[in-house]
Amino acid sequence: MSSNAPPKLPLKIFRFYCSEERLEELEGDLFEVYNEFIQEQGTRFAKLFYLWIVIRSFRSFALKRTKMKNSKINNSLTILKHNLIIAWRNLTKHKATTAINVLGLTIGIGAFLAIVRIVQFELSFNTEIPEKENVYRIYTSFTGSFTATNKGVAVPIGPYVEQNFSGIDAVAYFHTYSAAVEVPDGEETNKDFGRQSQLVIADSSYFQVVGQYKWLAGNPSTALSDPFKVVLTDEQAKTYFGHESWLDIVGKKIIYRDSLNLFVSGIVKQPDYNTDFVFTDIISFPTIKNSWLKDRFDSDQWGNTNSSSQLFVKLEPNVNRADILMQLEDLDKHVQEQTGDTDWFQHYELLPLDKLHFNTDISTFDNGRDAAHLPTLLVLGVVAFAILLIAIFNFINLETAQSTTKSKEVGVRKVLGSPKRQLIGRFLTESMLISFFAVLLAVPLAHYGFIYFDEFIPDGVSMDFSDPIFWAFLGGLVVIVGFIAGIYPSLVISSYRPAIVLKSSRSAKGLGGSFIRKALILLQFLFSQLLIVGTIAVVWQISFMLDKDLGFKEDGVIYFYTPYYESYNKQKLITDEIETMPEVLDISIQNTPPVQNGYSTSTVKYDSPQGEVVTNAHRKAGDTTYLRFYDIELLAGRNLIPNDTLPELLINETFMKDLGFDDPRSAVGTTIEFNDENHTVVGILEDFHFRSLHHPIEPMLYLYEDKASCIALKVKTGDQLQSTINKLTDKWAEVYPDNPLKVYFMDETIERFYETEKKTSKLASTATGIAIFISCLGLFGLISHTIVQKSKEMGIRKVMGASILQIGSILSKEFILLILFAFIISTPIAYYFISKWLEDFAYQTNISWWIYVLGGLASMFIALASIVVKVWKASEANPIESLRYE
Amino acid sequence: MKGTNLGEFEELVLLTVGILYDNAYSVAIQHELNSQTGRKVSISSVHAAVYRLEEKGLLNSRMGEMSNERGGKRKRLFNISQAGKVALEKANELRNRLRNQIPEIAFENLR
């Protein structure tokens, strides 16, 4: 009988899964069956049949598993199972310690997760825009009479760069804009979408430079080349038109600010990654010249820099950045020739796209997302790790302190022949288990943390549960935290000598780890104290800035702007109306209130003994009530008197000193050229802060202008305020039915200057709270343990007549010493960081020495508070309780 | 202890091993079962049964001679152990005892 070898692949499969022990006989059997089948049915089916029986034979009798009963893997599985069971029993036995451990780790990991997510979120901005490495923003910085930066450029710069620069692939100059939007939804009626703040006026080069868009409808190269066209993002198109098909939306009309009728010419997809380019309506650039937009955006002034006028360029690949910088220097010179300014210079700077999100000086865009402060992110990251470390230290401390209770177990295990490696595994399993539970609980904690701390967490941050990387990260966190927290205690415990731990009847004391334990407590309190002092300093500076006398009175001042495109008569009307209201104590018409977010500056010329000086000064304007209204003092001269023939102005003290005068009286009468006209300085104003306290006071001038758009009112505060505003709103609606009234409060405007600092202080105080809480948990656990250890000693001492106070001091002495130590080390570190942080402010509060002492005392007090109950109980305990078992 | 009871298929396999006496290996058992019972028994079910029986101690086994028919692989030959014999007898006795207790009347009037 001829025998055919079975097909190779199924045989291979069979050999792979079959146990060696049975392979020979089974393979033989299959061979025999196969050959029989060939004789009965022929070769063709036999091969399939063979595969079939191989599959059928995938059963326990053939599998390798039957052989592995004594193999290593099986063995370690058994050990793992055993370890898990023992660990679980141990954890449930010491419920309090376990709870402290899990709680500490949970809070630590929760804070860590949340902060890491925030940092990761902020860092992810603009990273996925195609060819981002070649894209740069060009922005303006000013030097000379004072320094400043502006995220925008003067309008003529964009076309100039496009024509004269080499090595540039595409130039996008565009204006950010916001306007009320209406969409016709019937023959006569319009649907109102309110104010849309993410508008941009651009041409097709915008899409070349910012390559993040996918076109859903419309032609990318021509969609923006004609006037009165607008390209929408997909989301915005849905908002305006609902779920119509993209092609149907193209050609529809949208009305901007009542009268600007634009037609949709394209729809692009807004990417789902994080980007700062979140414009929703992209209006075609030629619209400017053909509409009233030209009054605002079509300027030929090289010296007028508006933060809404943006310039982005995409460099050709492999272009040397130095080439571009050289060309920018030429541009600086060209601009200076155009402006003729000799004391204040515009420079054009290059900002890579990946820094766009992190430049807090110029921020992203008007109405855009706030730029993230990189140092803050860095500090946040450090704080996240510090909190995690504190929690891990806690764990290590408690475990090593507890190790004495496990010494017997280790002794017995060692006598029974357990190798050290297995013992380490046994204790690591326990810490891994705790770490697992902690991470499990930390996820919801971080999730709800985001909701709770909503106000200072950037928009859009959340846990991404669908992201596999997130889960892998969590898994990694379990292992890493479990390992770091568990390895040291495991090593300490597993190195006990069985003879020693089993022989002595009392629990082995001083078995090691006490030095490390002290060091870790020291570190914990070091972190906590740094955070406490840091928080106090930040809060201090904020309240200093809010309380500082700014040089003018802002109490009870509210203000609002009348629409600049409406006729002046209407403003006159509403002013007269308001003046009749009894609730209004005073009224003043002005161009700008003393403080506001933006600022405007002008070039001025004056003659000095050294010749003509050209410089730049902040410009404020309004009617003659300004000084009285804000209680700004006149150092010399007189207030403005409205007249057409002799232009006059007021200057501030800083400007006067810049002009070279020391005595205000002698400065009165100086002539300053401004707007191609000579103005006489008729009065000197006392300096007041018209910008945030980050900035020093700069030269300022005040002009007469009665047709200004800002109306400021002094009203009675308190309960009446709301009714006053309601009354005001009614009167407003009569005069300006199409525009909603937006009332600003002066004190809120001032507070908004320090938003970043407020966020910092909130984050700092939260982090401090968490760190202190975890540290105190650790202290609490440690003191409980110490008390159990020393109960006999305390009993004897009491019998010998020690007082409660003495016993308490013996128990807490160690901790107090450690906290003192931490204080000594933390003070210089805190001092260094606080002075660094304060450098940001032109006006700094005095951080006096006692703030550090306060921080130290606070941490001492909190630490003592967390152990005092335990210590009290221990000192109060009847000595009989602890001694009678002797 | 598991497996003091014999399953129906196990009992059949055990009996077949006895019938084949010195040549009881898996493929032969399969053949014998096929011809004796008329069932289609797959080789892997036989394998499962004999190895289980061996684990229970009802079968002993040894490796046979090499043979060309099997691609040079030896076969495992099974024979009934003492425990196997006892188990068979027990099963047989149990069945008979139960059968004998059925009253004749139960079989009357069967259709």
# chains A, B, ... in the order shown; residues from 1 in each chain; ligands from 1

$ residues_around --residues "Glu8 in chain B" --least-positions-apart "4" --cutoff "12 Å" --atoms "only C-alpha atoms" --output "PyMOL selection string"
chain B and resi 12-15+49+88+91-92+95

$ select_by_dssp --residues "range 22-62 of chain B" --states "alpha helix (DSSP H)" --output "short mmCIF file (atom, residue, chain, number, x, y, z; two decimals) with N, CA and C atoms, in the first residue's frame"
data_model
loop_
_atom_site.label_atom_id
_atom_site.label_comp_id
_atom_site.auth_asym_id
_atom_site.auth_seq_id
_atom_site.Cartn_x
_atom_site.Cartn_y
_atom_site.Cartn_z
N SER B 26 -5.97 3.66 18.42
CA SER B 26 -7.09 4.55 18.13
C SER B 26 -7.80 4.25 16.80
N VAL B 27 -7.00 4.08 15.72
CA VAL B 27 -7.63 3.90 14.41
C VAL B 27 -8.39 2.57 14.35
N ALA B 28 -7.78 1.53 14.93
CA ALA B 28 -8.43 0.22 14.96
C ALA B 28 -9.73 0.30 15.77
N ILE B 29 -9.67 1.01 16.89
CA ILE B 29 -10.87 1.17 17.73
C ILE B 29 -11.97 1.86 16.93
N GLN B 30 -11.57 2.86 16.17
CA GLN B 30 -12.55 3.60 15.36
C GLN B 30 -13.21 2.66 14.37
N HIS B 31 -12.39 1.86 13.69
CA HIS B 31 -12.92 0.91 12.71
C HIS B 31 -13.90 -0.06 13.34
N GLU B 32 -13.44 -0.64 14.46
CA GLU B 32 -14.24 -1.65 15.12
C GLU B 32 -15.60 -1.06 15.53
N LEU B 33 -15.52 0.18 16.10
CA LEU B 33 -16.75 0.85 16.53
C LEU B 33 -17.68 1.07 15.35
N ASN B 34 -17.07 1.54 14.23
CA ASN B 34 -17.87 1.83 13.05
C ASN B 34 -18.60 0.56 12.59
N SER B 35 -17.83 -0.54 12.52
CA SER B 35 -18.45 -1.75 11.99
C SER B 35 -19.44 -2.37 12.97
N GLN B 36 -19.09 -2.32 14.27
CA GLN B 36 -19.95 -2.97 15.24
C GLN B 36 -21.24 -2.19 15.51
N THR B 37 -21.12 -0.85 15.60
CA THR B 37 -22.31 -0.08 15.99
C THR B 37 -23.00 0.56 14.81
N ILE B 43 -12.23 10.20 14.50
CA ILE B 43 -11.00 9.78 15.18
C ILE B 43 -10.74 10.62 16.42
N SER B 44 -11.13 11.89 16.32
CA SER B 44 -10.81 12.73 17.48
C SER B 44 -11.69 12.41 18.68
N SER B 45 -12.91 11.92 18.42
CA SER B 45 -13.74 11.51 19.57
C SER B 45 -13.14 10.28 20.24
N VAL B 46 -12.60 9.40 19.40
CA VAL B 46 -11.94 8.21 19.97
C VAL B 46 -10.75 8.62 20.81
N HIS B 47 -9.94 9.52 20.22
CA HIS B 47 -8.79 10.02 20.97
C HIS B 47 -9.22 10.57 22.33
N ALA B 48 -10.22 11.45 22.28
CA ALA B 48 -10.67 12.07 23.52
C ALA B 48 -11.05 11.00 24.54
N ALA B 49 -11.76 9.95 24.06
CA ALA B 49 -12.24 8.93 24.97
C ALA B 49 -11.11 8.10 25.56
N VAL B 50 -10.19 7.63 24.69
CA VAL B 50 -9.14 6.74 25.23
C VAL B 50 -8.23 7.47 26.20
N TYR B 51 -7.90 8.69 25.89
CA TYR B 51 -7.00 9.40 26.81
C TYR B 51 -7.69 9.69 28.13
N ARG B 52 -9.01 9.96 28.05
CA ARG B 52 -9.73 10.20 29.29
C ARG B 52 -9.78 8.93 30.13
N LEU B 53 -10.01 7.80 29.40
CA LEU B 53 -10.06 6.53 30.11
C LEU B 53 -8.71 6.19 30.74
N GLU B 54 -7.67 6.54 30.01
CA GLU B 54 -6.34 6.26 30.56
C GLU B 54 -6.11 7.11 31.81
N GLU B 55 -6.56 8.35 31.74
CA GLU B 55 -6.41 9.25 32.90
C GLU B 55 -7.17 8.70 34.10
N LYS B 56 -8.34 8.09 33.80
CA LYS B 56 -9.14 7.53 34.88
C LYS B 56 -8.55 6.23 35.41
#

$ closest_residue --among "B:Ile105, B:Met63, B:Ile19, B:Leu94" --to "chain A" --atoms "only C-alpha atoms"
B:Met63

$ interface_residues --of "chain A" --to "chain B" --cutoff "10 Å" --atoms "only C-alpha atoms" --output "PDB file with C-alpha atoms, in the first residue's frame"
ATOM      1  CA  MET A   1       0.000   0.000   0.000  1.00  0.00           C
ATOM      2  CA  SER A   2       1.418   3.305  -1.055  1.00  0.00           C
ATOM      3  CA  SER A   3       1.246   5.983   1.561  1.00  0.00           C
ATOM      4  CA  ASN A   4       0.733   9.661   0.856  1.00  0.00           C
ATOM      5  CA  ALA A   5       2.228  12.317   3.084  1.00  0.00           C
ATOM      6  CA  PRO A   6      -0.501  14.568   4.491  1.00  0.00           C
ATOM      7  CA  ARG A  22       1.454  12.788  22.243  1.00  0.00           C
ATOM      8  CA  LEU A  23       2.623  14.114  18.907  1.00  0.00           C
ATOM      9  CA  GLU A  24       4.080  10.857  17.567  1.00  0.00           C
ATOM     10  CA  GLU A  25       1.083   8.612  18.175  1.00  0.00           C
ATOM     11  CA  LEU A  26      -1.491  11.203  17.158  1.00  0.00           C
ATOM     12  CA  GLU A  27       0.356  12.226  14.027  1.00  0.00           C
ATOM     13  CA  GLY A  28       0.599   8.534  13.122  1.00  0.00           C
ATOM     14  CA  ASP A  29      -3.114   8.035  13.682  1.00  0.00           C
ATOM     15  CA  LEU A  30      -3.974  11.030  11.544  1.00  0.00           C
ATOM     16  CA  PHE A  31      -1.617   9.799   8.841  1.00  0.00           C
ATOM     17  CA  GLU A  32      -3.372   6.447   8.802  1.00  0.00           C
ATOM     18  CA  VAL A  33      -6.842   7.954   8.726  1.00  0.00           C
ATOM     19  CA  TYR A  34      -5.795  10.291   5.957  1.00  0.00           C
ATOM     20  CA  ASN A  35      -4.517   7.486   3.752  1.00  0.00           C
ATOM     21  CA  ILE A  53      -9.627  16.421  11.628  1.00  0.00           C
ATOM     22  CA  VAL A  54      -6.702  18.630  12.587  1.00  0.00           C
ATOM     23  CA  ILE A  55      -9.241  21.248  13.594  1.00  0.00           C
ATOM     24  CA  ARG A  56     -11.373  18.666  15.345  1.00  0.00           C
ATOM     25  CA  SER A  57      -8.371  17.420  17.263  1.00  0.00           C
ATOM     26  CA  PHE A  58      -7.815  20.813  18.816  1.00  0.00           C
ATOM     27  CA  ARG A  59      -8.953  19.431  22.129  1.00  0.00           C
ATOM     28  CA  SER A  60      -7.555  18.990  25.546  1.00  0.00           C
ATOM     29  CA  PHE A  61      -6.017  15.573  24.929  1.00  0.00           C
ATOM     30  CA  ALA A  62      -3.707  16.952  22.272  1.00  0.00           C
TER      31      ALA A  62
END

$ select_by_dssp --residues "range 182-377 of chain A" --states "strand (DSSP E)" --output "PyMOL selection string"
chain A and resi 182-184+190-202+214-217+229-233+253-256+260-269+281-284+309-315+344-352

$ residues_around --residues "Val533 in chain A" --least-positions-apart "4" --cutoff "10 Å" --atoms "only C-alpha atoms" --output "list in words"
Ser528, Gln529, Ala537, Val538, Val539, Thr768, Ser826, Thr827, Ala830, Tyr831, Ile834, Ile851, Tyr852, Val853, Leu854, Gly855, Gly856, Ala858 and Ser859 of chain A

$ write_last_selection --atoms "N, CA and C atoms" --output "compact mmCIF listing (two decimals), in the first residue's frame"
# COMPACT_ATOMS: atom_id res chain seq x y z
N SER A 528 4.78 71.13 50.00
CA SER A 528 3.58 71.79 50.52
C SER A 528 3.88 73.23 50.89
N GLN A 529 5.02 73.45 51.55
CA GLN A 529 5.33 74.82 51.98
C GLN A 529 5.61 75.73 50.80
N ALA A 537 1.79 84.50 47.98
CA ALA A 537 2.43 85.58 47.24
C ALA A 537 1.56 86.01 46.06
N VAL A 538 1.01 85.01 45.33
CA VAL A 538 0.19 85.34 44.16
C VAL A 538 -1.06 86.12 44.60
N VAL A 539 -1.71 85.61 45.64
CA VAL A 539 -2.92 86.29 46.14
C VAL A 539 -2.57 87.71 46.59
N THR A 768 -2.20 73.45 46.15
CA THR A 768 -1.74 73.49 47.52
C THR A 768 -2.65 72.64 48.40
N SER A 826 12.84 75.31 52.34
CA SER A 826 11.91 75.82 51.33
C SER A 826 11.99 77.33 51.18
N THR A 827 12.33 78.04 52.24
CA THR A 827 12.27 79.49 52.19
C THR A 827 13.10 80.10 51.05
N ALA A 830 11.49 79.25 47.67
CA ALA A 830 10.27 80.02 47.47
C ALA A 830 10.62 81.47 47.12
N TYR A 831 11.59 82.03 47.84
CA TYR A 831 11.99 83.41 47.59
C TYR A 831 12.41 83.60 46.14
N ILE A 834 9.34 83.33 43.73
CA ILE A 834 8.41 84.46 43.86
C ILE A 834 9.00 85.70 43.20
N ILE A 851 5.56 86.57 55.42
CA ILE A 851 4.75 85.70 54.57
C ILE A 851 5.34 84.29 54.57
N TYR A 852 6.68 84.23 54.55
CA TYR A 852 7.31 82.91 54.59
C TYR A 852 7.03 82.24 55.92
N VAL A 853 7.16 83.01 57.00
CA VAL A 853 6.90 82.46 58.33
C VAL A 853 5.45 81.98 58.40
N LEU A 854 4.56 82.79 57.81
CA LEU A 854 3.15 82.42 57.81
C LEU A 854 2.96 81.07 57.11
N GLY A 855 3.65 80.92 55.96
CA GLY A 855 3.57 79.65 55.23
C GLY A 855 4.05 78.50 56.08
N GLY A 856 5.19 78.69 56.73
CA GLY A 856 5.75 77.65 57.58
C GLY A 856 4.82 77.31 58.72
N ALA A 858 1.66 77.85 58.88
CA ALA A 858 0.43 77.24 58.37
C ALA A 858 0.63 75.74 58.18
N SER A 859 1.73 75.37 57.55
CA SER A 859 1.94 73.94 57.30
C SER A 859 2.13 73.21 58.62

$ atom_distance --atom1 "CA of Ile115 in chain A" --atom2 "CA of Pro271 in chain A"
24.9 Å

$ atom_distance --atom1 "CA of Asn397 in chain A" --atom2 "CA of Phe821 in chain A"
17.9 Å

$ residues_around --residues "range 319-324 of chain A" --least-positions-apart "2" --cutoff "12 Å" --atoms "only C-alpha atoms" --output "MDAnalysis selection string"
chainID A and resid 133:136 138 161 164:169 313:317 326:331 348:352
